[in-house]
file work.tsv (TSV, C-alpha atoms)
chain	number	residue	atom	x	y	z
A	7	MET	CA	-6.52	2.63	13.62
A	8	ASN	CA	-8.94	5.14	12.15
A	9	GLU	CA	-6.03	7.27	10.87
A	10	LEU	CA	-4.66	4.25	8.97
A	11	LYS	CA	-8.07	3.54	7.47
A	12	VAL	CA	-8.35	7.13	6.24
A	13	LEU	CA	-4.76	7.03	4.98
A	14	SER	CA	-5.49	3.92	2.92
A	15	TYR	CA	-8.23	5.77	1.02
A	16	ASP	CA	-6.14	8.91	0.61
A	17	LEU	CA	-3.26	6.91	-0.86
A	18	ARG	CA	-5.64	5.22	-3.30
A	19	LYS	CA	-6.33	8.70	-4.72
A	20	HIS	CA	-2.59	9.18	-5.27
A	21	VAL	CA	-2.46	5.79	-7.03
A	22	VAL	CA	-5.21	6.87	-9.44
A	23	ASP	CA	-3.35	10.14	-10.11
A	24	MET	CA	-0.17	8.17	-10.74
A	25	ILE	CA	-1.79	5.78	-13.20
A	26	ILE	CA	-3.53	8.57	-15.10
A	27	ALA	CA	-0.27	10.55	-15.38
A	28	GLY	CA	1.68	7.47	-16.44
A	29	LYS	CA	-1.05	6.25	-18.81
A	30	GLY	CA	-0.94	2.73	-17.40
A	31	GLY	CA	-0.78	0.57	-14.31
A	32	HIS	CA	-2.39	-2.33	-12.45
A	33	ILE	CA	-5.16	-0.55	-10.60
A	34	GLY	CA	-7.05	-3.65	-9.41
A	35	GLY	CA	-4.14	-5.15	-7.52
A	36	ASP	CA	-3.26	-1.68	-6.18
A	37	MET	CA	-6.70	-1.29	-4.65
A	38	SER	CA	-6.72	-4.74	-3.04
A	39	VAL	CA	-3.28	-4.53	-1.44
A	40	MET	CA	-3.36	-1.00	0.00
A	41	GLU	CA	-4.38	-1.71	3.61
A	42	ILE	CA	-1.81	-4.52	3.81
A	43	LEU	CA	1.02	-2.18	2.81
A	44	VAL	CA	-0.23	0.65	5.04
A	45	GLU	CA	-0.48	-1.62	8.08
A	46	LEU	CA	2.97	-3.09	7.50
A	47	TYR	CA	4.82	0.16	6.85
A	48	MET	CA	2.98	2.46	9.23
A	49	LYS	CA	2.64	0.11	12.20
A	50	GLN	CA	4.23	-3.33	11.99
A	51	MET	CA	7.68	-3.07	10.44
A	52	ASN	CA	10.90	-1.61	11.81
A	53	ILE	CA	11.80	0.32	8.67
A	54	SER	CA	12.16	4.03	7.95
A	55	PRO	CA	14.29	6.38	5.84
A	56	GLU	CA	16.51	6.83	8.89
A	57	ASN	CA	17.32	3.11	9.39
A	58	LYS	CA	17.04	1.87	5.78
A	59	ASP	CA	20.68	0.70	5.81
A	60	SER	CA	20.66	-0.81	9.30
A	61	ASP	CA	21.54	-4.49	9.55
A	62	ASN	CA	18.56	-4.97	11.87
A	63	ARG	CA	15.95	-3.24	9.69
A	64	ASP	CA	12.94	-5.36	8.78
A	65	ARG	CA	12.94	-6.58	5.18
A	66	PHE	CA	10.01	-6.42	2.74
A	67	VAL	CA	9.57	-7.73	-0.80
A	68	LEU	CA	6.50	-6.94	-2.90
A	69	SER	CA	6.49	-10.20	-4.82
A	70	LYS	CA	3.38	-9.14	-6.75
A	71	GLY	CA	5.45	-6.30	-8.16
A	72	HIS	CA	2.79	-5.21	-10.63
A	73	SER	CA	1.07	-3.45	-7.70
A	74	VAL	CA	4.00	-1.06	-7.53
A	75	GLU	CA	1.83	2.07	-7.64
A	76	SER	CA	0.49	1.35	-4.15
A	77	TYR	CA	4.00	0.47	-3.00
A	78	TYR	CA	5.41	3.78	-4.26
A	79	ALA	CA	2.55	5.69	-2.63
A	80	VAL	CA	3.16	4.07	0.76
A	81	LEU	CA	6.93	4.54	0.57
A	82	ALA	CA	6.46	8.18	-0.39
A	83	LYS	CA	4.10	8.72	2.55
A	84	LYS	CA	6.71	7.08	4.79
A	85	GLY	CA	9.24	9.66	3.59
A	86	PHE	CA	11.53	7.67	1.31
A	87	PHE	CA	10.96	10.05	-1.64
A	88	PRO	CA	8.58	12.91	-2.56
A	89	MET	CA	5.02	11.97	-3.50
A	90	GLU	CA	4.91	14.77	-6.07
A	91	GLU	CA	7.88	13.30	-7.94
A	92	VAL	CA	6.26	9.86	-8.08
A	93	ILE	CA	2.95	11.17	-9.41
A	94	SER	CA	4.48	13.50	-11.99
A	95	THR	CA	7.10	11.11	-13.39
A	96	PHE	CA	5.66	7.60	-12.91
A	97	SER	CA	6.24	5.41	-15.95
A	98	GLN	CA	7.65	8.33	-17.94
A	99	PHE	CA	10.75	7.95	-20.13
A	100	GLY	CA	13.86	8.08	-17.96
A	101	SER	CA	11.93	8.00	-14.67
A	102	LYS	CA	13.21	6.06	-11.67
A	103	PHE	CA	9.59	5.20	-10.87
A	104	ILE	CA	9.17	2.37	-13.33
A	105	GLY	CA	6.31	-0.12	-13.62
A	106	HIS	CA	7.78	-2.64	-11.18
A	107	PRO	CA	9.73	-2.11	-7.93
A	108	ASN	CA	13.15	-0.61	-8.62
A	109	ASN	CA	15.83	-1.31	-6.01
A	110	LYS	CA	17.78	1.75	-7.12
A	111	LEU	CA	15.19	3.64	-5.05
A	112	PRO	CA	15.61	3.99	-1.25
A	113	GLY	CA	13.57	1.54	0.79
A	114	ILE	CA	13.18	-1.12	-1.93
A	115	GLU	CA	15.09	-4.34	-1.22
A	116	MET	CA	14.82	-6.02	-4.62
A	117	ASN	CA	13.42	-5.66	-8.10
A	118	SER	CA	10.34	-7.83	-8.31
A	119	GLY	CA	7.42	-8.72	-10.52
A	120	SER	CA	8.66	-11.96	-12.03
A	121	LEU	CA	6.08	-13.93	-10.09
A	122	GLY	CA	7.16	-16.70	-7.77
A	123	HIS	CA	10.48	-15.14	-6.75
A	124	GLY	CA	9.56	-13.09	-3.69
A	125	LEU	CA	9.00	-15.88	-1.19
A	126	PRO	CA	12.16	-17.89	-2.08
A	127	VAL	CA	14.29	-14.74	-1.76
A	128	CYS	CA	12.67	-13.91	1.58
A	129	VAL	CA	13.42	-17.43	2.81
A	130	GLY	CA	17.08	-16.65	2.12
A	131	MET	CA	16.83	-13.30	3.92
A	132	ALA	CA	15.19	-14.91	6.95
A	133	LEU	CA	17.71	-17.75	7.08
A	134	ALA	CA	20.59	-15.26	6.80
A	135	GLY	CA	19.12	-13.22	9.65
A	136	ARG	CA	19.03	-16.28	11.87
A	137	MET	CA	22.58	-17.31	10.95
A	138	ASP	CA	23.88	-13.78	11.62
A	139	GLY	CA	22.01	-13.45	14.92
A	140	ARG	CA	19.92	-10.52	13.67
A	141	SER	CA	16.58	-9.50	15.18
A	142	TYR	CA	14.87	-8.40	11.95
A	143	ARG	CA	11.70	-9.87	10.49
A	144	VAL	CA	11.06	-10.54	6.82
A	145	TYR	CA	7.75	-9.91	5.04
A	146	THR	CA	6.55	-10.59	1.51
A	147	VAL	CA	3.22	-9.98	-0.23
A	148	MET	CA	2.15	-12.36	-2.98
A	149	GLY	CA	-0.90	-12.47	-5.21
A	150	ASP	CA	-3.18	-15.49	-5.10
A	151	GLY	CA	-2.70	-16.02	-8.85
A	152	GLU	CA	1.05	-16.09	-8.16
A	153	LEU	CA	0.59	-19.24	-6.07
A	154	ALA	CA	0.37	-21.24	-9.30
A	155	GLU	CA	4.15	-20.78	-9.56
A	156	GLY	CA	6.05	-23.84	-8.38
A	157	SER	CA	8.88	-21.81	-6.85
A	158	VAL	CA	6.42	-20.47	-4.26
A	159	TRP	CA	5.93	-23.96	-2.89
A	160	GLU	CA	9.65	-24.78	-2.99
A	161	GLY	CA	10.17	-21.70	-0.83
A	162	ALA	CA	7.27	-22.67	1.42
A	163	MET	CA	8.73	-26.14	1.89
A	164	ALA	CA	12.17	-24.76	2.79
A	165	ALA	CA	10.75	-22.18	5.22
A	166	GLY	CA	8.73	-24.84	6.99
A	167	HIS	CA	11.72	-27.19	7.12
A	168	TYR	CA	13.95	-24.57	8.73
A	169	GLY	CA	11.21	-23.28	11.05
A	170	LEU	CA	11.73	-19.66	10.03
A	171	ASP	CA	9.61	-17.87	12.61
A	172	ASN	CA	11.12	-14.52	11.53
A	173	LEU	CA	9.32	-14.85	8.18
A	174	CYS	CA	5.75	-13.73	7.45
A	175	ALA	CA	4.15	-14.09	4.02
A	176	VAL	CA	0.91	-12.44	2.96
A	177	VAL	CA	-1.41	-13.70	0.23
A	178	ASP	CA	-3.48	-10.93	-1.37
A	179	ARG	CA	-6.53	-13.12	-1.93
A	180	ASN	CA	-8.48	-10.97	-4.40
A	181	HIS	CA	-9.53	-13.93	-6.60
A	182	LEU	CA	-8.20	-12.30	-9.77
A	183	GLN	CA	-5.22	-12.77	-12.04
A	184	ILE	CA	-4.41	-11.48	-15.51
A	185	SER	CA	-6.41	-14.13	-17.37
A	186	GLY	CA	-9.46	-14.26	-15.13
A	187	ASN	CA	-10.83	-15.46	-11.82
A	188	THR	CA	-8.34	-17.60	-9.91
A	189	GLU	CA	-10.92	-20.30	-9.30
A	190	VAL	CA	-11.35	-20.72	-13.05
A	191	VAL	CA	-7.69	-20.36	-14.09
A	192	MET	CA	-6.08	-22.33	-11.24
A	193	ARG	CA	-8.29	-22.77	-8.22
A	194	GLN	CA	-6.91	-21.89	-4.80
A	195	GLU	CA	-9.39	-23.41	-2.38
A	196	CYS	CA	-8.22	-24.78	1.00
A	197	GLN	CA	-5.48	-22.16	1.29
A	198	LYS	CA	-5.14	-22.55	5.06
A	199	GLU	CA	-4.78	-26.31	4.88
A	200	ARG	CA	-2.25	-26.07	2.05
A	201	TRP	CA	0.08	-23.78	3.97
A	202	GLU	CA	-0.29	-25.75	7.18
A	203	SER	CA	0.71	-28.92	5.34
A	204	PHE	CA	4.02	-27.20	4.53
A	205	GLY	CA	4.66	-26.51	8.22
A	206	TRP	CA	3.35	-22.92	8.35
A	207	HIS	CA	1.11	-21.16	10.85
A	208	ALA	CA	-1.79	-19.92	8.71
A	209	ILE	CA	-3.99	-16.96	9.69
A	210	GLN	CA	-7.18	-15.85	7.93
A	211	ALA	CA	-7.80	-12.09	7.83
A	212	ASP	CA	-9.88	-9.42	6.14
A	213	GLY	CA	-7.17	-7.82	4.03
A	214	ASN	CA	-9.05	-4.54	3.58
A	215	ASP	CA	-9.65	-4.09	7.31
A	216	ILE	CA	-6.90	-2.47	9.38
A	217	ASP	CA	-8.12	-3.99	12.67
A	218	SER	CA	-8.18	-7.52	11.24
A	219	LEU	CA	-4.71	-7.10	9.75
A	220	ASP	CA	-3.35	-5.73	13.02
A	221	ARG	CA	-4.56	-8.80	14.89
A	222	ALA	CA	-3.14	-11.11	12.22
A	223	PHE	CA	0.34	-9.56	12.21
A	224	ARG	CA	0.50	-9.47	16.00
A	225	GLU	CA	-0.42	-13.16	16.05
A	226	ALA	CA	2.28	-13.91	13.47
A	227	LYS	CA	4.91	-12.19	15.61
A	228	SER	CA	3.97	-14.37	18.58
A	229	VAL	CA	4.44	-17.67	16.74
A	230	LYS	CA	7.66	-19.57	17.50
A	231	GLY	CA	9.25	-22.41	15.57
A	232	LYS	CA	7.45	-21.97	12.23
A	233	PRO	CA	6.85	-19.29	9.58
A	234	SER	CA	3.48	-17.54	9.35
A	235	VAL	CA	1.24	-16.71	6.42
A	236	VAL	CA	-1.64	-14.23	6.47
A	237	ILE	CA	-4.32	-15.20	3.95
A	238	ALA	CA	-5.84	-11.79	3.38
A	239	ASP	CA	-9.25	-11.78	1.70
A	240	THR	CA	-9.45	-8.58	-0.35
A	241	VAL	CA	-11.47	-6.76	-3.00

call {"tool": "encode", "arguments": {"input": "work.tsv", "output": "structure tokens"}}
result
Amino acid sequence: MNELKVLSYDLRKHVVDMIIAGKGGHIGGDMSVMEILVELYMKQMNISPENKDSDNRDRFVLSKGHSVESYYAVLAKKGFFPMEEVISTFSQFGSKFIGHPNNKLPGIEMNSGSLGHGLPVCVGMALAGRMDGRSYRVYTVMGDGELAEGSVWEGAMAAGHYGLDNLCAVVDRNHLQISGNTEVVMRQECQKERWESFGWHAIQADGNDIDSLDRAFREAKSVKGKPSVVIADTV
């Protein structure tokens, strides 16, 4: 646990280096989501460079694709590509490491960043896994500002209807979106009750605390008959 906490701070330094070299990026969302990505990739998910093409690999979609710098840093640490290449070429002309997830890179399932798309796509992945008899789990991370998109709730309704217990969504609840505080732009109170009303198992967690996230994801894996969402309070 302590190693993952230290790693989260070390990778934040790489994110800052990346953004400075690329002369742009979404540093706020990168900072808030880091522990979530570290916990998923380093402990929770069955995914690695060695099994990235396996039918039973776990699937992940960073729906809040603007936080790609943290995503690249975690994938590089996991061994999908060299950290040095990411830092030196991020957001440069002709670079593969563009400003949103690029599925031409190993380990990235889909291009993302058009908000509201990640959860509906993951519903399809989870449903396909069930129909094909696969053992994989599907994860997506959304921003709280993203929840103003109607397609999120269409996906939530479908996942609840089909009881997709191989699906786990995470809300990065940092209270900020591009035009201000979420509670001013489009308030998001009663998150737990909202998700539960769509047939989900909702879990509150401290999204910047590795121990809290570990407990939340283990609880999500134990739930049968319904999808789970981790509402991760972050800074």

call {"tool": "atom_distance", "arguments": {"input": "work.tsv", "atom1": "CA of Gly130 in chain A", "atom2": "CA of Gln197 in chain A"}}
result
23.2 Å

call {"tool": "closest_residue", "arguments": {"input": "work.tsv", "among": "A:His207, A:Thr146, A:Ser76, A:Lys49", "to": "Glu225 in chain A", "atoms": "all atoms listed in the file"}}
result
A:His207

call {"tool": "residues_around", "arguments": {"input": "work.tsv", "residues": "Glu199 in chain A", "least_positions_apart": "3", "cutoff": "12 Å", "atoms": "all atoms listed in the file", "output": "list of chain:residue names"}}
result
A:Gln194, A:Glu195, A:Cys196, A:Glu202, A:Ser203, A:Phe204, A:Gly205, A:Trp206, A:His207, A:Ala208, A:Ile209, A:Gln210, A:Val235, A:Ile237

call {"tool": "closest_residue", "arguments": {"input": "work.tsv", "among": "A:Gly100, A:Pro107, A:Pro112, A:Gly35", "to": "Lys58 in chain A", "atoms": "only C-alpha atoms"}}
result
A:Pro112

call {"tool": "closest_residue", "arguments": {"input": "work.tsv", "among": "A:Lys84, A:Arg136, A:Lys198, A:Lys19", "to": "Ala238 in chain A", "atoms": "all atoms listed in the file"}}
result
A:Lys198

call {"tool": "atom_distance", "arguments": {"input": "work.tsv", "atom1": "CA of Ser38 in chain A", "atom2": "CA of Asn8 in chain A"}}
result
18.3 Å

call {"tool": "residues_around", "arguments": {"input": "work.tsv", "residues": "range 20-22 of chain A", "least_positions_apart": "2", "cutoff": "10 Å", "atoms": "only C-alpha atoms", "output": "PDB file with C-alpha atoms, in the coordinates of the input"}}
result
ATOM      1  CA  TYR A  15      -8.230   5.770   1.020  1.00  0.00           C
ATOM      2  CA  ASP A  16      -6.140   8.910   0.610  1.00  0.00           C
ATOM      3  CA  LEU A  17      -3.260   6.910  -0.860  1.00  0.00           C
ATOM      4  CA  ARG A  18      -5.640   5.220  -3.300  1.00  0.00           C
ATOM      5  CA  MET A  24      -0.170   8.170 -10.740  1.00  0.00           C
ATOM      6  CA  ILE A  25      -1.790   5.780 -13.200  1.00  0.00           C
ATOM      7  CA  ILE A  26      -3.530   8.570 -15.100  1.00  0.00           C
ATOM      8  CA  ALA A  27      -0.270  10.550 -15.380  1.00  0.00           C
ATOM      9  CA  GLY A  28       1.680   7.470 -16.440  1.00  0.00           C
ATOM     10  CA  GLY A  30      -0.940   2.730 -17.400  1.00  0.00           C
ATOM     11  CA  GLY A  31      -0.780   0.570 -14.310  1.00  0.00           C
ATOM     12  CA  HIS A  32      -2.390  -2.330 -12.450  1.00  0.00           C
ATOM     13  CA  ILE A  33      -5.160  -0.550 -10.600  1.00  0.00           C
ATOM     14  CA  ASP A  36      -3.260  -1.680  -6.180  1.00  0.00           C
ATOM     15  CA  MET A  37      -6.700  -1.290  -4.650  1.00  0.00           C
ATOM     16  CA  MET A  40      -3.360  -1.000   0.000  1.00  0.00           C
ATOM     17  CA  SER A  73       1.070  -3.450  -7.700  1.00  0.00           C
ATOM     18  CA  VAL A  74       4.000  -1.060  -7.530  1.00  0.00           C
ATOM     19  CA  GLU A  75       1.830   2.070  -7.640  1.00  0.00           C
ATOM     20  CA  SER A  76       0.490   1.350  -4.150  1.00  0.00           C
ATOM     21  CA  TYR A  77       4.000   0.470  -3.000  1.00  0.00           C
ATOM     22  CA  TYR A  78       5.410   3.780  -4.260  1.00  0.00           C
ATOM     23  CA  ALA A  79       2.550   5.690  -2.630  1.00  0.00           C
ATOM     24  CA  VAL A  80       3.160   4.070   0.760  1.00  0.00           C
ATOM     25  CA  MET A  89       5.020  11.970  -3.500  1.00  0.00           C
ATOM     26  CA  GLU A  90       4.910  14.770  -6.070  1.00  0.00           C
ATOM     27  CA  VAL A  92       6.260   9.860  -8.080  1.00  0.00           C
ATOM     28  CA  ILE A  93       2.950  11.170  -9.410  1.00  0.00           C
TER      29      ILE A  93
END

call {"tool": "atom_distance", "arguments": {"input": "work.tsv", "atom1": "CA of Ser120 in chain A", "atom2": "CA of Glu155 in chain A"}}
result
10.2 Å

call {"tool": "residues_around", "arguments": {"input": "work.tsv", "residues": "Ala226 in chain A", "least_positions_apart": "2", "cutoff": "9 Å", "atoms": "all atoms listed in the file", "output": "number ranges by chain"}}
result
A: 171, 173-174, 207-209, 221-224, 228-230, 233-236

call {"tool": "residues_around", "arguments": {"input": "work.tsv", "residues": "Met131 in chain A", "least_positions_apart": "4", "cutoff": "12 Å", "atoms": "only C-alpha atoms", "output": "ChimeraX atom specification"}}
result
/A:61-67,115-116,124-127,135-138,140-146,161,165,170,172-174

call {"tool": "decode", "arguments": {"input": "work.tsv", "residues": "range 131-142 of chain A", "atoms": "all heavy atoms", "output": "JSON list (two decimals), in the first residue's frame"}}
result
[["chain", "number", "residue", "atom", "x", "y", "z"],
["A", 131, "MET", "N", -19.05, -3.45, -23.77],
["A", 131, "MET", "CA", -17.95, -4.39, -23.49],
["A", 131, "MET", "C", -18.36, -5.42, -22.44],
["A", 131, "MET", "O", -18.06, -6.61, -22.57],
["A", 131, "MET", "CB", -16.72, -3.63, -23.00],
["A", 131, "MET", "CG", -16.03, -2.77, -24.04],
["A", 131, "MET", "SD", -14.63, -1.88, -23.27],
["A", 131, "MET", "CE", -13.90, -1.09, -24.71],
["A", 132, "ALA", "N", -19.02, -4.95, -21.39],
["A", 132, "ALA", "CA", -19.42, -5.84, -20.31],
["A", 132, "ALA", "C", -20.49, -6.83, -20.78],
["A", 132, "ALA", "O", -20.45, -8.02, -20.45],
["A", 132, "ALA", "CB", -19.94, -5.04, -19.11],
["A", 133, "LEU", "N", -21.43, -6.34, -21.57],
["A", 133, "LEU", "CA", -22.48, -7.21, -22.09],
["A", 133, "LEU", "C", -21.89, -8.26, -23.04],
["A", 133, "LEU", "O", -22.26, -9.44, -23.00],
["A", 133, "LEU", "CB", -23.54, -6.37, -22.81],
["A", 133, "LEU", "CG", -24.86, -7.04, -23.17],
["A", 133, "LEU", "CD1", -25.53, -7.63, -21.94],
["A", 133, "LEU", "CD2", -25.79, -6.04, -23.85],
["A", 134, "ALA", "N", -20.93, -7.83, -23.87],
["A", 134, "ALA", "CA", -20.27, -8.77, -24.78],
["A", 134, "ALA", "C", -19.51, -9.84, -24.00],
["A", 134, "ALA", "O", -19.52, -11.02, -24.38],
["A", 134, "ALA", "CB", -19.31, -8.01, -25.70],
["A", 135, "GLY", "N", -18.84, -9.43, -22.92],
["A", 135, "GLY", "CA", -18.12, -10.39, -22.10],
["A", 135, "GLY", "C", -19.04, -11.44, -21.52],
["A", 135, "GLY", "O", -18.71, -12.64, -21.50],
["A", 136, "ARG", "N", -20.20, -11.02, -21.07],
["A", 136, "ARG", "CA", -21.17, -11.98, -20.54],
["A", 136, "ARG", "C", -21.65, -12.92, -21.64],
["A", 136, "ARG", "O", -21.72, -14.15, -21.45],
["A", 136, "ARG", "CB", -22.36, -11.25, -19.93],
["A", 136, "ARG", "CG", -23.47, -12.21, -19.51],
["A", 136, "ARG", "CD", -24.73, -11.48, -19.11],
["A", 136, "ARG", "NE", -24.55, -10.80, -17.83],
["A", 136, "ARG", "CZ", -25.48, -10.03, -17.28],
["A", 136, "ARG", "NH1", -26.64, -9.82, -17.91],
["A", 136, "ARG", "NH2", -25.27, -9.46, -16.11],
["A", 137, "MET", "N", -22.00, -12.36, -22.80],
["A", 137, "MET", "CA", -22.52, -13.18, -23.90],
["A", 137, "MET", "C", -21.48, -14.18, -24.41],
["A", 137, "MET", "O", -21.83, -15.29, -24.82],
["A", 137, "MET", "CB", -22.98, -12.28, -25.03],
["A", 137, "MET", "CG", -24.17, -11.40, -24.68],
["A", 137, "MET", "SD", -24.55, -10.15, -25.94],
["A", 137, "MET", "CE", -25.18, -11.19, -27.25],
["A", 138, "ASP", "N", -20.19, -13.80, -24.35],
["A", 138, "ASP", "CA", -19.12, -14.67, -24.83],
["A", 138, "ASP", "C", -18.58, -15.60, -23.75],
["A", 138, "ASP", "O", -17.65, -16.39, -24.00],
["A", 138, "ASP", "CB", -17.97, -13.83, -25.39],
["A", 138, "ASP", "CG", -18.34, -13.12, -26.68],
["A", 138, "ASP", "OD1", -19.34, -13.52, -27.32],
["A", 138, "ASP", "OD2", -17.64, -12.15, -27.05],
["A", 139, "GLY", "N", -19.11, -15.49, -22.53],
["A", 139, "GLY", "CA", -18.65, -16.34, -21.44],
["A", 139, "GLY", "C", -17.25, -16.01, -20.96],
["A", 139, "GLY", "O", -16.53, -16.88, -20.47],
["A", 140, "ARG", "N", -16.85, -14.73, -21.08],
["A", 140, "ARG", "CA", -15.53, -14.30, -20.65],
["A", 140, "ARG", "C", -15.52, -13.93, -19.18],
["A", 140, "ARG", "O", -16.55, -13.53, -18.62],
["A", 140, "ARG", "CB", -15.05, -13.11, -21.49],
["A", 140, "ARG", "CG", -15.00, -13.36, -22.98],
["A", 140, "ARG", "CD", -13.97, -14.41, -23.34],
["A", 140, "ARG", "NE", -13.92, -14.65, -24.77],
["A", 140, "ARG", "CZ", -13.21, -15.62, -25.33],
["A", 140, "ARG", "NH1", -12.51, -16.45, -24.57],
["A", 140, "ARG", "NH2", -13.21, -15.78, -26.65],
["A", 141, "SER", "N", -14.33, -13.99, -18.58],
["A", 141, "SER", "CA", -14.21, -13.70, -17.14],
["A", 141, "SER", "C", -13.76, -12.28, -16.86],
["A", 141, "SER", "O", -13.62, -11.89, -15.69],
["A", 141, "SER", "CB", -13.22, -14.68, -16.51],
["A", 141, "SER", "OG", -11.92, -14.52, -17.10],
["A", 142, "TYR", "N", -13.52, -11.47, -17.89],
["A", 142, "TYR", "CA", -12.94, -10.14, -17.66],
["A", 142, "TYR", "C", -13.92, -9.18, -17.00],
["A", 142, "TYR", "O", -15.14, -9.34, -17.09],
["A", 142, "TYR", "CB", -12.40, -9.55, -18.96],
["A", 142, "TYR", "CG", -13.41, -9.22, -20.05],
["A", 142, "TYR", "CD1", -14.25, -8.12, -19.97],
["A", 142, "TYR", "CD2", -13.49, -10.00, -21.21],
["A", 142, "TYR", "CE1", -15.15, -7.80, -20.98],
["A", 142, "TYR", "CE2", -14.38, -9.70, -22.23],
["A", 142, "TYR", "CZ", -15.21, -8.60, -22.11],
["A", 142, "TYR", "OH", -16.11, -8.29, -23.12]]
